[in-house]
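*Asks:* Below is a structure I'd like to ask you about.
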Amino acid sequence: MTRKKKRQSSGVKHWLTETKAGNVTWRIGAALLSGSMWFLACADFDIWPLAWIAMVPTLWAIRGQKAKPAFWYAYLAGIVANAGGFYWIVGLLERFGNMPTIAALPIFLLMAAYQGIEFGLFGWWISVLERRTHSGATWFAPVLMVAIELVTPLIFPWYLAITQAWVVPVIQVADLAGPLGVTFLLLVANGAVYDLLDAAAAHKKIPWRRASIAAGVLVAALVYGQIRLHQVRSTMKQAEHIKIGVVQGNFGINLKGQKGYLAKQLQVHQAVSHFLKEQGAKLIVWPESSYPYPIDRNITSASELPPAIQFAPDLGIPMIIGAITVKWSKQNRPNKVFNSALMVDAQGRVTGVYDKMYLLIFGEYIPFHDELSFMKKFFEHHRMSHFDRGKKVTTFPLEYKDNSYRIGPLICYEDIITSFGRALADHKPNLLVNITNDAWFGNTSEPYEHLALAVYRSVEHRLALVRAVNTGVSTIVLPTGKLGQETPTTGSKTPPGNALDPAIAMETAGFKRLSKGLYQARSWPHPHALLVTAPLMPAHETVYAKVGDIFGYANLLLTIYLLVFFKRKTWRKLFKRQYVRSTSGTETQDEKSSKQGGTKAKAALKTPQKGKRKKQTKAPKSSKKTGRQSS
């Protein structure tokens, strides 16, 4: 330890700055803590306040480190955050990929390692900028994280804003900047907390200006949120409302689509639909691929189907159903197959078809499928689907109370893709409907994580989002981001031996009321019936719908400038900071007062370090330099 460090550490050594800051073990522990706090803040652990300080341990772990070690510490935090959030990947691969645990676990870890790279990049860049400017994390942490989230492609897209999905006042800024705006707020808070703790630990001057600006940003965001909540609630109150019945069949993935249960699956959905109509529903929504038979793409009316497999005979109200649609070749073989949503009016006419555009790799399409024709039997044996991609975004027409409205359909995880939401908003829908199938994941946190990410589409575009899910969570997200009644998630239920006709069994056993608007059949497979009231919001454009991720790109440009074109001189002028170079390195000092002009500032730069003897006024005889003598 140098003489200077001994002087600084005199007295009681602070555990942050001296005792443990240089200890690799404690840095690793801080990274592990940070990653754990992030996934515990997410659904369905839901300890969301942790997100406001979850990055602080990572910032401490990389404190004083160069770029490479900073990358690895932050990267470790990212791996833990992703592993804790996506733990259900292992079970998914075991159940439906027919993989043993010893094979599923490495794949899961590779996925977590790849997605954790966002944190690693954050650690690298924050270390570089901190060493260049010594200006603290308050300024740089939010800018860097927003830029990273904007440009990093992920296998399972998510963003730190997922942690605040249920905190309605915080997420209102999403209609300006999308979820990146919420990420910005989180990192502003984390950066400010870290800077305050760091200054206190090192006995440095407390950066009150930074803390005040950070507090001002957060307060402004909350004030904006309250104003927007009042405005949106007023618009909702004036809008027309419609009662929508959501059918949740609760067929596990091991039963759904099997030949022996196709008729039963259809009967269950028909029976629940008729029950919801009796409860006052004016529109019925079935989940993704809930209609169990392939449908010819040229169909124009339900009456063209055989009577035994029609959607819901004599229902008499509009429906949205999920189905597989097929374009047949001349040889009467499937030429193209689509994962589709169909709009059916009260007369049974098909008035709209939307084909899913964003397909899930290996789940819905196989890369180079046509070139791998020799593996066709392998794909079929493992029930690996290969759909064709939809070509365009569209809306469905809805006639209600002598007025015409538009419904924007989203299939599966399209409801978590911000760019798709904006493309759909361009068609001026009055309501969003998402049909999906989370049966793959069972009773895990995935359905809730999916829902948490989907909440932002409602806030971004100020539209209600009705979700119909095969095994949960079915619900409505209001234009404010508030959730309505939710159905519980459920796993696969083994059918009893006498379950020959579920429709008759449900008619006999009836439904039980679980809560307002939520019912469940007393007989197998115990489907849920959800009745929600949705506002048909006026067609309009929010700021986010108009400008997209311009906020994110602004942060990206600022990041590029700081990393590539940054000059310390410019930064010093902006923030009025002085850099005093000593024999042991470079330190910063806050400018005491604007009264200290250039002469005093230059004198301060020449002031010798405290504790060192002043040099002789005369230059050494051996010096060959002329003209100046040290004073």
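Residues in the structure tokens are numbered from 1 in each chain, the chains being A, B, ... in the order shown, and ligands are numbered from 1 in the order shown.
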Where in stretch 18-91 of chain A does DSSP assign alpha helix (DSSP H), given as a PyMOL selection string?
*Replies:* chain A and resi 24-40+56-61+67-85+88-91
*Asks:* Would you list the contacts of stretch 75-80 of chain A as a list of chain:residue names, taking every protein, DNA or RNA residue within 6 Å and counting only C-alpha atoms, but skipping same-chain residues closer than 4 positions in sequence?
*Replies:*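 Near neighbours after the sequence-gap exclusion: A:Ala31, A:Leu32, A:Ser34, A:Gly35, A:Phe71, A:Gly84, A:Ala112, A:Ala113, A:Gly116, A:Ile117, A:Phe119, A:Gly120.
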*Asks:* Export, as a JSON list (two decimals), in the first residue's frame, the selected residues with N, CA and C atoms.
*Replies:*
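Full text of selection09.json as output:
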[["chain", "number", "residue", "atom", "x", "y", "z"],
["A", 31, "ALA", "N", -22.17, -9.10, -7.70],
["A", 31, "ALA", "CA", -22.77, -9.38, -9.01],
["A", 31, "ALA", "C", -23.90, -10.41, -8.88],
["A", 32, "LEU", "N", -23.66, -11.45, -8.06],
["A", 32, "LEU", "CA", -24.70, -12.46, -7.85],
["A", 32, "LEU", "C", -25.93, -11.85, -7.18],
["A", 34, "SER", "N", -26.89, -8.71, -7.36],
["A", 34, "SER", "CA", -27.56, -7.83, -8.34],
["A", 34, "SER", "C", -28.43, -8.63, -9.29],
["A", 35, "GLY", "N", -27.88, -9.70, -9.87],
["A", 35, "GLY", "CA", -28.67, -10.53, -10.78],
["A", 35, "GLY", "C", -29.88, -11.13, -10.11],
["A", 71, "PHE", "N", -16.54, -5.87, -17.40],
["A", 71, "PHE", "CA", -17.43, -6.65, -18.26],
["A", 71, "PHE", "C", -17.80, -7.97, -17.59],
["A", 84, "GLY", "N", -32.46, -16.84, -13.59],
["A", 84, "GLY", "CA", -33.58, -16.82, -12.65],
["A", 84, "GLY", "C", -34.91, -16.51, -13.31],
["A", 112, "ALA", "N", -28.97, -18.35, -21.23],
["A", 112, "ALA", "CA", -28.78, -17.33, -20.20],
["A", 112, "ALA", "C", -27.48, -16.57, -20.42],
["A", 113, "ALA", "N", -26.43, -17.29, -20.85],
["A", 113, "ALA", "CA", -25.14, -16.65, -21.10],
["A", 113, "ALA", "C", -25.24, -15.67, -22.26],
["A", 116, "GLY", "N", -27.33, -12.62, -21.17],
["A", 116, "GLY", "CA", -26.67, -11.82, -20.15],
["A", 116, "GLY", "C", -25.65, -10.85, -20.69],
["A", 117, "ILE", "N", -25.38, -10.94, -21.99],
["A", 117, "ILE", "CA", -24.35, -10.07, -22.58],
["A", 117, "ILE", "C", -24.74, -8.60, -22.51],
["A", 119, "PHE", "N", -25.83, -7.06, -19.90],
["A", 119, "PHE", "CA", -25.23, -6.56, -18.66],
["A", 119, "PHE", "C", -23.72, -6.41, -18.81],
["A", 120, "GLY", "N", -23.10, -7.37, -19.50],
["A", 120, "GLY", "CA", -21.66, -7.28, -19.71],
["A", 120, "GLY", "C", -21.26, -6.03, -20.47]]
*Asks:* Name the closest residue to A:Leu197 among the candidates A:Val168, A:Ile407, A:Ile53, A:Leu176; distances are taken between atoms, counting only C-alpha atoms.
*Replies:*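 Checking each candidate against A:Leu197, we get A:Ile53 as the closest.
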*Asks:* DSSP on the backbone, strand (DSSP E or B) only: what residues of stretch 286-450 of chain A does that give? Format it as a VMD selection string.
*Replies:* chain A and resid 295 to 296 301 319 to 328 334 to 344 349 to 355 361 365 396 to 400 403 to 411 431 to 436
*Asks:* A:Pro57: which residues within 12 Å, counting only C-alpha atoms, same-chain residues fewer than 2 positions away excluded, as a PDB file with N, CA and C atoms, in the first residue's frame?
*Replies:*
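Written file, around17.pdb:
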ATOM      1  N   LEU A  16     -16.857  -0.640   2.242  1.00  0.00           N
ATOM      2  CA  LEU A  16     -17.067  -0.556   0.789  1.00  0.00           C
ATOM      3  C   LEU A  16     -15.794  -0.167   0.064  1.00  0.00           C
ATOM      4  N   ALA A  21     -13.613  -3.801  -1.301  1.00  0.00           N
ATOM      5  CA  ALA A  21     -13.740  -3.350  -2.681  1.00  0.00           C
ATOM      6  C   ALA A  21     -12.707  -4.002  -3.583  1.00  0.00           C
ATOM      7  N   TRP A  26     -15.831 -10.686  -2.958  1.00  0.00           N
ATOM      8  CA  TRP A  26     -16.944  -9.790  -2.655  1.00  0.00           C
ATOM      9  C   TRP A  26     -17.503  -9.129  -3.911  1.00  0.00           C
ATOM     10  N   ARG A  27     -16.692  -8.913  -4.884  1.00  0.00           N
ATOM     11  CA  ARG A  27     -17.210  -8.378  -6.155  1.00  0.00           C
ATOM     12  C   ARG A  27     -18.122  -9.415  -6.828  1.00  0.00           C
ATOM     13  N   ILE A  28     -17.712 -10.656  -6.809  1.00  0.00           N
ATOM     14  CA  ILE A  28     -18.554 -11.725  -7.378  1.00  0.00           C
ATOM     15  C   ILE A  28     -19.863 -11.823  -6.595  1.00  0.00           C
ATOM     16  N   GLY A  29     -19.766 -11.728  -5.279  1.00  0.00           N
ATOM     17  CA  GLY A  29     -20.978 -11.764  -4.465  1.00  0.00           C
ATOM     18  C   GLY A  29     -21.928 -10.629  -4.789  1.00  0.00           C
ATOM     19  N   ALA A  30     -21.357  -9.442  -5.032  1.00  0.00           N
ATOM     20  CA  ALA A  30     -22.200  -8.295  -5.395  1.00  0.00           C
ATOM     21  C   ALA A  30     -22.893  -8.532  -6.740  1.00  0.00           C
ATOM     22  N   ALA A  31     -22.170  -9.099  -7.700  1.00  0.00           N
ATOM     23  CA  ALA A  31     -22.769  -9.384  -9.007  1.00  0.00           C
ATOM     24  C   ALA A  31     -23.897 -10.410  -8.882  1.00  0.00           C
ATOM     25  N   LEU A  32     -23.663 -11.447  -8.061  1.00  0.00           N
ATOM     26  CA  LEU A  32     -24.704 -12.460  -7.848  1.00  0.00           C
ATOM     27  C   LEU A  32     -25.934 -11.845  -7.181  1.00  0.00           C
ATOM     28  N   LEU A  33     -25.697 -10.972  -6.226  1.00  0.00           N
ATOM     29  CA  LEU A  33     -26.806 -10.291  -5.546  1.00  0.00           C
ATOM     30  C   LEU A  33     -27.595  -9.444  -6.522  1.00  0.00           C
ATOM     31  N   SER A  34     -26.890  -8.706  -7.365  1.00  0.00           N
ATOM     32  CA  SER A  34     -27.558  -7.829  -8.335  1.00  0.00           C
ATOM     33  C   SER A  34     -28.431  -8.633  -9.288  1.00  0.00           C
ATOM     34  N   GLY A  35     -27.882  -9.705  -9.867  1.00  0.00           N
ATOM     35  CA  GLY A  35     -28.669 -10.532 -10.777  1.00  0.00           C
ATOM     36  C   GLY A  35     -29.884 -11.133 -10.108  1.00  0.00           C
ATOM     37  N   SER A  36     -29.731 -11.555  -8.846  1.00  0.00           N
ATOM     38  CA  SER A  36     -30.862 -12.134  -8.112  1.00  0.00           C
ATOM     39  C   SER A  36     -31.946 -11.091  -7.859  1.00  0.00           C
ATOM     40  N   MET A  37     -31.539  -9.878  -7.546  1.00  0.00           N
ATOM     41  CA  MET A  37     -32.523  -8.819  -7.305  1.00  0.00           C
ATOM     42  C   MET A  37     -33.323  -8.517  -8.555  1.00  0.00           C
ATOM     43  N   TRP A  38     -32.669  -8.594  -9.715  1.00  0.00           N
ATOM     44  CA  TRP A  38     -33.386  -8.307 -10.956  1.00  0.00           C
ATOM     45  C   TRP A  38     -34.469  -9.339 -11.231  1.00  0.00           C
ATOM     46  N   LEU A  50     -37.292  -3.850  -5.716  1.00  0.00           N
ATOM     47  CA  LEU A  50     -35.879  -4.195  -5.834  1.00  0.00           C
ATOM     48  C   LEU A  50     -35.248  -3.621  -7.096  1.00  0.00           C
ATOM     49  N   ALA A  51     -36.060  -3.453  -8.144  1.00  0.00           N
ATOM     50  CA  ALA A  51     -35.512  -2.978  -9.416  1.00  0.00           C
ATOM     51  C   ALA A  51     -34.928  -1.576  -9.314  1.00  0.00           C
ATOM     52  N   TRP A  52     -35.368  -0.794  -8.335  1.00  0.00           N
ATOM     53  CA  TRP A  52     -34.889   0.582  -8.199  1.00  0.00           C
ATOM     54  C   TRP A  52     -33.500   0.652  -7.571  1.00  0.00           C
ATOM     55  N   ILE A  53     -33.009  -0.480  -7.044  1.00  0.00           N
ATOM     56  CA  ILE A  53     -31.650  -0.512  -6.489  1.00  0.00           C
ATOM     57  C   ILE A  53     -30.870  -1.734  -6.977  1.00  0.00           C
ATOM     58  N   ALA A  54     -31.461  -2.525  -7.874  1.00  0.00           N
ATOM     59  CA  ALA A  54     -30.855  -3.803  -8.263  1.00  0.00           C
ATOM     60  C   ALA A  54     -29.532  -3.652  -8.994  1.00  0.00           C
ATOM     61  N   MET A  55     -29.305  -2.529  -9.664  1.00  0.00           N
ATOM     62  CA  MET A  55     -28.051  -2.341 -10.401  1.00  0.00           C
ATOM     63  C   MET A  55     -26.937  -1.775  -9.508  1.00  0.00           C
ATOM     64  N   LEU A  59     -22.803  -1.964 -10.011  1.00  0.00           N
ATOM     65  CA  LEU A  59     -21.960  -0.765 -10.117  1.00  0.00           C
ATOM     66  C   LEU A  59     -20.851  -0.791  -9.079  1.00  0.00           C
ATOM     67  N   TRP A  60     -21.146  -1.309  -7.893  1.00  0.00           N
ATOM     68  CA  TRP A  60     -20.097  -1.410  -6.896  1.00  0.00           C
ATOM     69  C   TRP A  60     -19.075  -2.467  -7.296  1.00  0.00           C
ATOM     70  N   ALA A  61     -19.545  -3.595  -7.866  1.00  0.00           N
ATOM     71  CA  ALA A  61     -18.625  -4.671  -8.257  1.00  0.00           C
ATOM     72  C   ALA A  61     -17.623  -4.209  -9.301  1.00  0.00           C
ATOM     73  N   ILE A  62     -18.038  -3.287 -10.181  1.00  0.00           N
ATOM     74  CA  ILE A  62     -17.127  -2.821 -11.227  1.00  0.00           C
ATOM     75  C   ILE A  62     -16.418  -1.532 -10.846  1.00  0.00           C
ATOM     76  N   ARG A  63     -16.628  -1.107  -9.607  1.00  0.00           N
ATOM     77  CA  ARG A  63     -16.051   0.156  -9.137  1.00  0.00           C
ATOM     78  C   ARG A  63     -14.528   0.107  -9.216  1.00  0.00           C
ATOM     79  N   TYR A  73     -17.693  -8.986 -14.388  1.00  0.00           N
ATOM     80  CA  TYR A  73     -18.532  -8.877 -13.190  1.00  0.00           C
ATOM     81  C   TYR A  73     -19.985  -8.575 -13.566  1.00  0.00           C
ATOM     82  N   ALA A  74     -20.172  -7.605 -14.460  1.00  0.00           N
ATOM     83  CA  ALA A  74     -21.534  -7.260 -14.878  1.00  0.00           C
ATOM     84  C   ALA A  74     -22.177  -8.407 -15.659  1.00  0.00           C
ATOM     85  N   LEU A  76     -21.700 -11.570 -15.203  1.00  0.00           N
ATOM     86  CA  LEU A  76     -22.151 -12.555 -14.227  1.00  0.00           C
ATOM     87  C   LEU A  76     -23.524 -12.173 -13.683  1.00  0.00           C
ATOM     88  N   ALA A  77     -23.708 -10.903 -13.386  1.00  0.00           N
ATOM     89  CA  ALA A  77     -25.023 -10.440 -12.925  1.00  0.00           C
ATOM     90  C   ALA A  77     -26.088 -10.688 -13.980  1.00  0.00           C
ATOM     91  N   GLY A 123     -21.480  -3.053 -18.182  1.00  0.00           N
ATOM     92  CA  GLY A 123     -20.334  -2.932 -17.287  1.00  0.00           C
ATOM     93  C   GLY A 123     -19.098  -2.403 -17.989  1.00  0.00           C
ATOM     94  N   ASN A 190     -31.034   4.009  -9.912  1.00  0.00           N
ATOM     95  CA  ASN A 190     -29.912   3.172  -9.508  1.00  0.00           C
ATOM     96  C   ASN A 190     -28.598   3.943  -9.521  1.00  0.00           C
ATOM     97  N   GLY A 191     -28.381   4.722 -10.575  1.00  0.00           N
ATOM     98  CA  GLY A 191     -27.151   5.499 -10.672  1.00  0.00           C
ATOM     99  C   GLY A 191     -27.021   6.525  -9.564  1.00  0.00           C
ATOM    100  N   VAL A 193     -28.479   6.463  -6.556  1.00  0.00           N
ATOM    101  CA  VAL A 193     -28.261   5.790  -5.271  1.00  0.00           C
ATOM    102  C   VAL A 193     -26.801   5.357  -5.147  1.00  0.00           C
ATOM    103  N   TYR A 194     -26.269   4.794  -6.225  1.00  0.00           N
ATOM    104  CA  TYR A 194     -24.865   4.362  -6.184  1.00  0.00           C
ATOM    105  C   TYR A 194     -23.928   5.549  -5.955  1.00  0.00           C
ATOM    106  N   ASP A 195     -24.132   6.636  -6.657  1.00  0.00           N
ATOM    107  CA  ASP A 195     -23.245   7.796  -6.515  1.00  0.00           C
ATOM    108  C   ASP A 195     -23.278   8.351  -5.099  1.00  0.00           C
ATOM    109  N   LEU A 197     -24.031   6.644  -2.292  1.00  0.00           N
ATOM    110  CA  LEU A 197     -23.347   5.701  -1.412  1.00  0.00           C
ATOM    111  C   LEU A 197     -21.835   5.726  -1.623  1.00  0.00           C
ATOM    112  N   ASP A 198     -21.426   5.831  -2.881  1.00  0.00           N
ATOM    113  CA  ASP A 198     -20.004   5.852  -3.189  1.00  0.00           C
ATOM    114  C   ASP A 198     -19.333   7.078  -2.586  1.00  0.00           C
TER     115      ASP A 198
END
*Asks:* Do you know which residues are at most 12 Å from A:Val143 counting only C-alpha atoms, after dropping those on the same chain fewer than 2 positions away, and could you put them as a PDB file with C-alpha atoms, in the first residue's frame?
*Replies:*
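Generated output (part.pdb):
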ATOM      1  CA  PHE A 122     -23.202  -2.186 -19.694  1.00  0.00           C
ATOM      2  CA  TRP A 125     -18.971   0.885 -21.185  1.00  0.00           C
ATOM      3  CA  ILE A 126     -19.813   2.339 -17.774  1.00  0.00           C
ATOM      4  CA  LEU A 129     -16.876   6.421 -19.245  1.00  0.00           C
ATOM      5  CA  ALA A 137     -23.263   6.644 -12.840  1.00  0.00           C
ATOM      6  CA  THR A 138     -26.250   9.001 -12.604  1.00  0.00           C
ATOM      7  CA  TRP A 139     -25.470  10.498 -16.010  1.00  0.00           C
ATOM      8  CA  PHE A 140     -24.296   7.436 -17.903  1.00  0.00           C
ATOM      9  CA  ALA A 141     -26.109   4.376 -16.530  1.00  0.00           C
ATOM     10  CA  MET A 145     -28.687   0.730 -20.722  1.00  0.00           C
ATOM     11  CA  VAL A 146     -31.348   2.208 -22.993  1.00  0.00           C
ATOM     12  CA  ALA A 147     -28.947   2.070 -25.954  1.00  0.00           C
ATOM     13  CA  ILE A 148     -28.027  -1.540 -25.162  1.00  0.00           C
ATOM     14  CA  GLU A 149     -31.642  -2.674 -24.845  1.00  0.00           C
ATOM     15  CA  LEU A 150     -32.459  -0.962 -28.132  1.00  0.00           C
ATOM     16  CA  LEU A 180     -37.202   2.074 -22.805  1.00  0.00           C
ATOM     17  CA  GLY A 181     -38.501   5.142 -20.998  1.00  0.00           C
ATOM     18  CA  THR A 183     -35.756   1.428 -18.144  1.00  0.00           C
ATOM     19  CA  PHE A 184     -34.278   4.947 -18.209  1.00  0.00           C
ATOM     20  CA  LEU A 185     -36.085   5.867 -14.986  1.00  0.00           C
ATOM     21  CA  LEU A 186     -34.898   2.707 -13.245  1.00  0.00           C
ATOM     22  CA  LEU A 187     -31.268   3.346 -14.151  1.00  0.00           C
ATOM     23  CA  VAL A 188     -31.463   7.020 -13.174  1.00  0.00           C
ATOM     24  CA  GLY A 191     -27.151   5.499 -10.672  1.00  0.00           C
ATOM     25  CA  PHE A 551     -35.864   8.272 -27.473  1.00  0.00           C
ATOM     26  CA  GLY A 552     -33.872   5.054 -27.664  1.00  0.00           C
ATOM     27  CA  TYR A 553     -31.988   6.192 -30.758  1.00  0.00           C
ATOM     28  CA  ALA A 554     -31.173   9.521 -29.105  1.00  0.00           C
ATOM     29  CA  ASN A 555     -29.568   7.588 -26.247  1.00  0.00           C
ATOM     30  CA  LEU A 556     -27.750   5.394 -28.774  1.00  0.00           C
ATOM     31  CA  LEU A 557     -26.303   8.433 -30.554  1.00  0.00           C
ATOM     32  CA  LEU A 558     -25.231   9.932 -27.225  1.00  0.00           C
ATOM     33  CA  THR A 559     -23.577   6.624 -26.314  1.00  0.00           C
ATOM     34  CA  ILE A 560     -21.677   6.542 -29.606  1.00  0.00           C
ATOM     35  CA  TYR A 561     -20.531  10.116 -29.067  1.00  0.00           C
ATOM     36  CA  LEU A 562     -19.331   9.411 -25.536  1.00  0.00           C
ATOM     37  CA  LEU A 563     -17.475   6.257 -26.530  1.00  0.00           C
TER      38      LEU A 563
END
*Asks:* Can you work out the spacing between atom CA of A:Arg462 and atom CA of A:Tyr354 in Å, to one decimal?
*Replies:*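 Interatomic distance, atom CA of A:Arg462 to atom CA of A:Tyr354: 22.2 Å.
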*Asks:* For A:Pro397, which residue among A:Ile416, A:Leu342, A:Ile227, A:Met99 is the nearest when counting only C-alpha atoms?
*Replies:*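 Checking each of A:Ile416, A:Leu342, A:Ile227, A:Met99 against A:Pro397, counting only C-alpha atoms, the winner is A:Leu342.
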*Asks:* Distance atom CA of A:Val56-atom CA of A:Val223, one decimal place?
*Replies:*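 Atom-to-atom, atom CA of A:Val56 to atom CA of A:Val223, that is 25.4 Å.
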*Asks:* List as a ChimeraX atom specification the protein and nucleic acid residues near A:His526, meaning an atom at most 9 Å away when only C-alpha atoms are counted, but skip any in the same chain fewer than 2 places from it.
*Replies:* /A:249-250,493,506,511,520-524,528
*Asks:* Dump C-alpha atoms for the selected residues as a short mmCIF file (atom, residue, chain, number, x, y, z; two decimals), in the first residue's frame?
*Replies:*
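See result.cif below for the written result:
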data_model
loop_
_atom_site.label_atom_id
_atom_site.label_comp_id
_atom_site.auth_asym_id
_atom_site.auth_seq_id
_atom_site.Cartn_x
_atom_site.Cartn_y
_atom_site.Cartn_z
CA GLY A 249 -60.15 -24.34 -22.63
CA ASN A 250 -57.41 -25.55 -20.25
CA LYS A 493 -55.35 -32.48 -16.51
CA MET A 506 -70.66 -29.26 -18.57
CA PHE A 511 -70.31 -23.56 -13.94
CA GLN A 520 -65.14 -22.35 -14.15
CA ALA A 521 -66.86 -25.52 -15.34
CA ARG A 522 -67.31 -28.20 -12.68
CA SER A 523 -66.50 -31.00 -15.14
CA TRP A 524 -63.33 -31.99 -17.01
CA HIS A 528 -62.57 -21.04 -17.46
#
*Asks:* In Å to one decimal, how far is atom CA of A:Arg389 from atom CA of A:Leu92?
*Replies:*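 Between atom CA of A:Leu92 and atom CA of A:Arg389 the gap is 24.0 Å.
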*Asks:* Neighbours of A:Pro318 within 10 Å (only C-alpha atoms; same-chain residues fewer than 6 positions away dropped), as a list of chain:residue names?
*Replies:*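 The filter keeps A:Ile244, A:Ala281, A:Lys282, A:Leu283, A:Ile284, A:Val285, A:Met343, A:Val344, A:Asp345, A:Ala346, A:Gln347, A:Gly348, A:Arg349, A:Val350, A:Thr351, A:Leu398, A:Glu399, A:Tyr400.
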*Asks:* Name all residues at most 9 Å from A:Tyr358 (count only C-alpha atoms; drop same-chain ones fewer than 4 positions away) and give them as a PDB file with N, CA, C and O atoms, in the first residue's frame.
*Replies:*
ATOM      1  N   ARG A 389     -44.990 -17.753 -43.043  1.00  0.00           N
ATOM      2  CA  ARG A 389     -45.052 -16.447 -42.377  1.00  0.00           C
ATOM      3  C   ARG A 389     -46.113 -15.562 -43.024  1.00  0.00           C
ATOM      4  O   ARG A 389     -46.241 -15.507 -44.252  1.00  0.00           O
ATOM      5  N   GLY A 390     -46.886 -14.857 -42.175  1.00  0.00           N
ATOM      6  CA  GLY A 390     -47.862 -13.907 -42.685  1.00  0.00           C
ATOM      7  C   GLY A 390     -47.190 -12.733 -43.378  1.00  0.00           C
ATOM      8  O   GLY A 390     -46.033 -12.405 -43.093  1.00  0.00           O
ATOM      9  N   ILE A 411     -51.054 -12.442 -32.404  1.00  0.00           N
ATOM     10  CA  ILE A 411     -51.005 -13.872 -32.100  1.00  0.00           C
ATOM     11  C   ILE A 411     -49.739 -14.184 -31.314  1.00  0.00           C
ATOM     12  O   ILE A 411     -48.636 -13.806 -31.710  1.00  0.00           O
ATOM     13  N   CYS A 412     -49.928 -14.874 -30.212  1.00  0.00           N
ATOM     14  CA  CYS A 412     -48.831 -15.358 -29.374  1.00  0.00           C
ATOM     15  C   CYS A 412     -47.951 -14.185 -28.930  1.00  0.00           C
ATOM     16  O   CYS A 412     -48.456 -13.158 -28.481  1.00  0.00           O
ATOM     17  N   TYR A 413     -46.629 -14.321 -29.077  1.00  0.00           N
ATOM     18  CA  TYR A 413     -45.740 -13.329 -28.492  1.00  0.00           C
ATOM     19  C   TYR A 413     -45.582 -12.074 -29.348  1.00  0.00           C
ATOM     20  O   TYR A 413     -44.743 -11.215 -29.055  1.00  0.00           O
ATOM     21  N   GLU A 414     -46.416 -11.905 -30.363  1.00  0.00           N
ATOM     22  CA  GLU A 414     -46.435 -10.627 -31.084  1.00  0.00           C
ATOM     23  C   GLU A 414     -46.843  -9.481 -30.163  1.00  0.00           C
ATOM     24  O   GLU A 414     -46.551  -8.317 -30.456  1.00  0.00           O
ATOM     25  N   PHE A 420     -44.098  -4.342 -33.793  1.00  0.00           N
ATOM     26  CA  PHE A 420     -45.356  -4.876 -34.308  1.00  0.00           C
ATOM     27  C   PHE A 420     -46.537  -4.076 -33.762  1.00  0.00           C
ATOM     28  O   PHE A 420     -47.498  -3.793 -34.485  1.00  0.00           O
TER      29      PHE A 420
END
*Asks:* From the options A:Ala505, A:Leu518, A:Ala539, A:Leu453, which residue's atoms come nearest to A:Lys428, counting only C-alpha atoms?
*Replies:*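 Closest to A:Lys428 of all the choices is A:Ala539.
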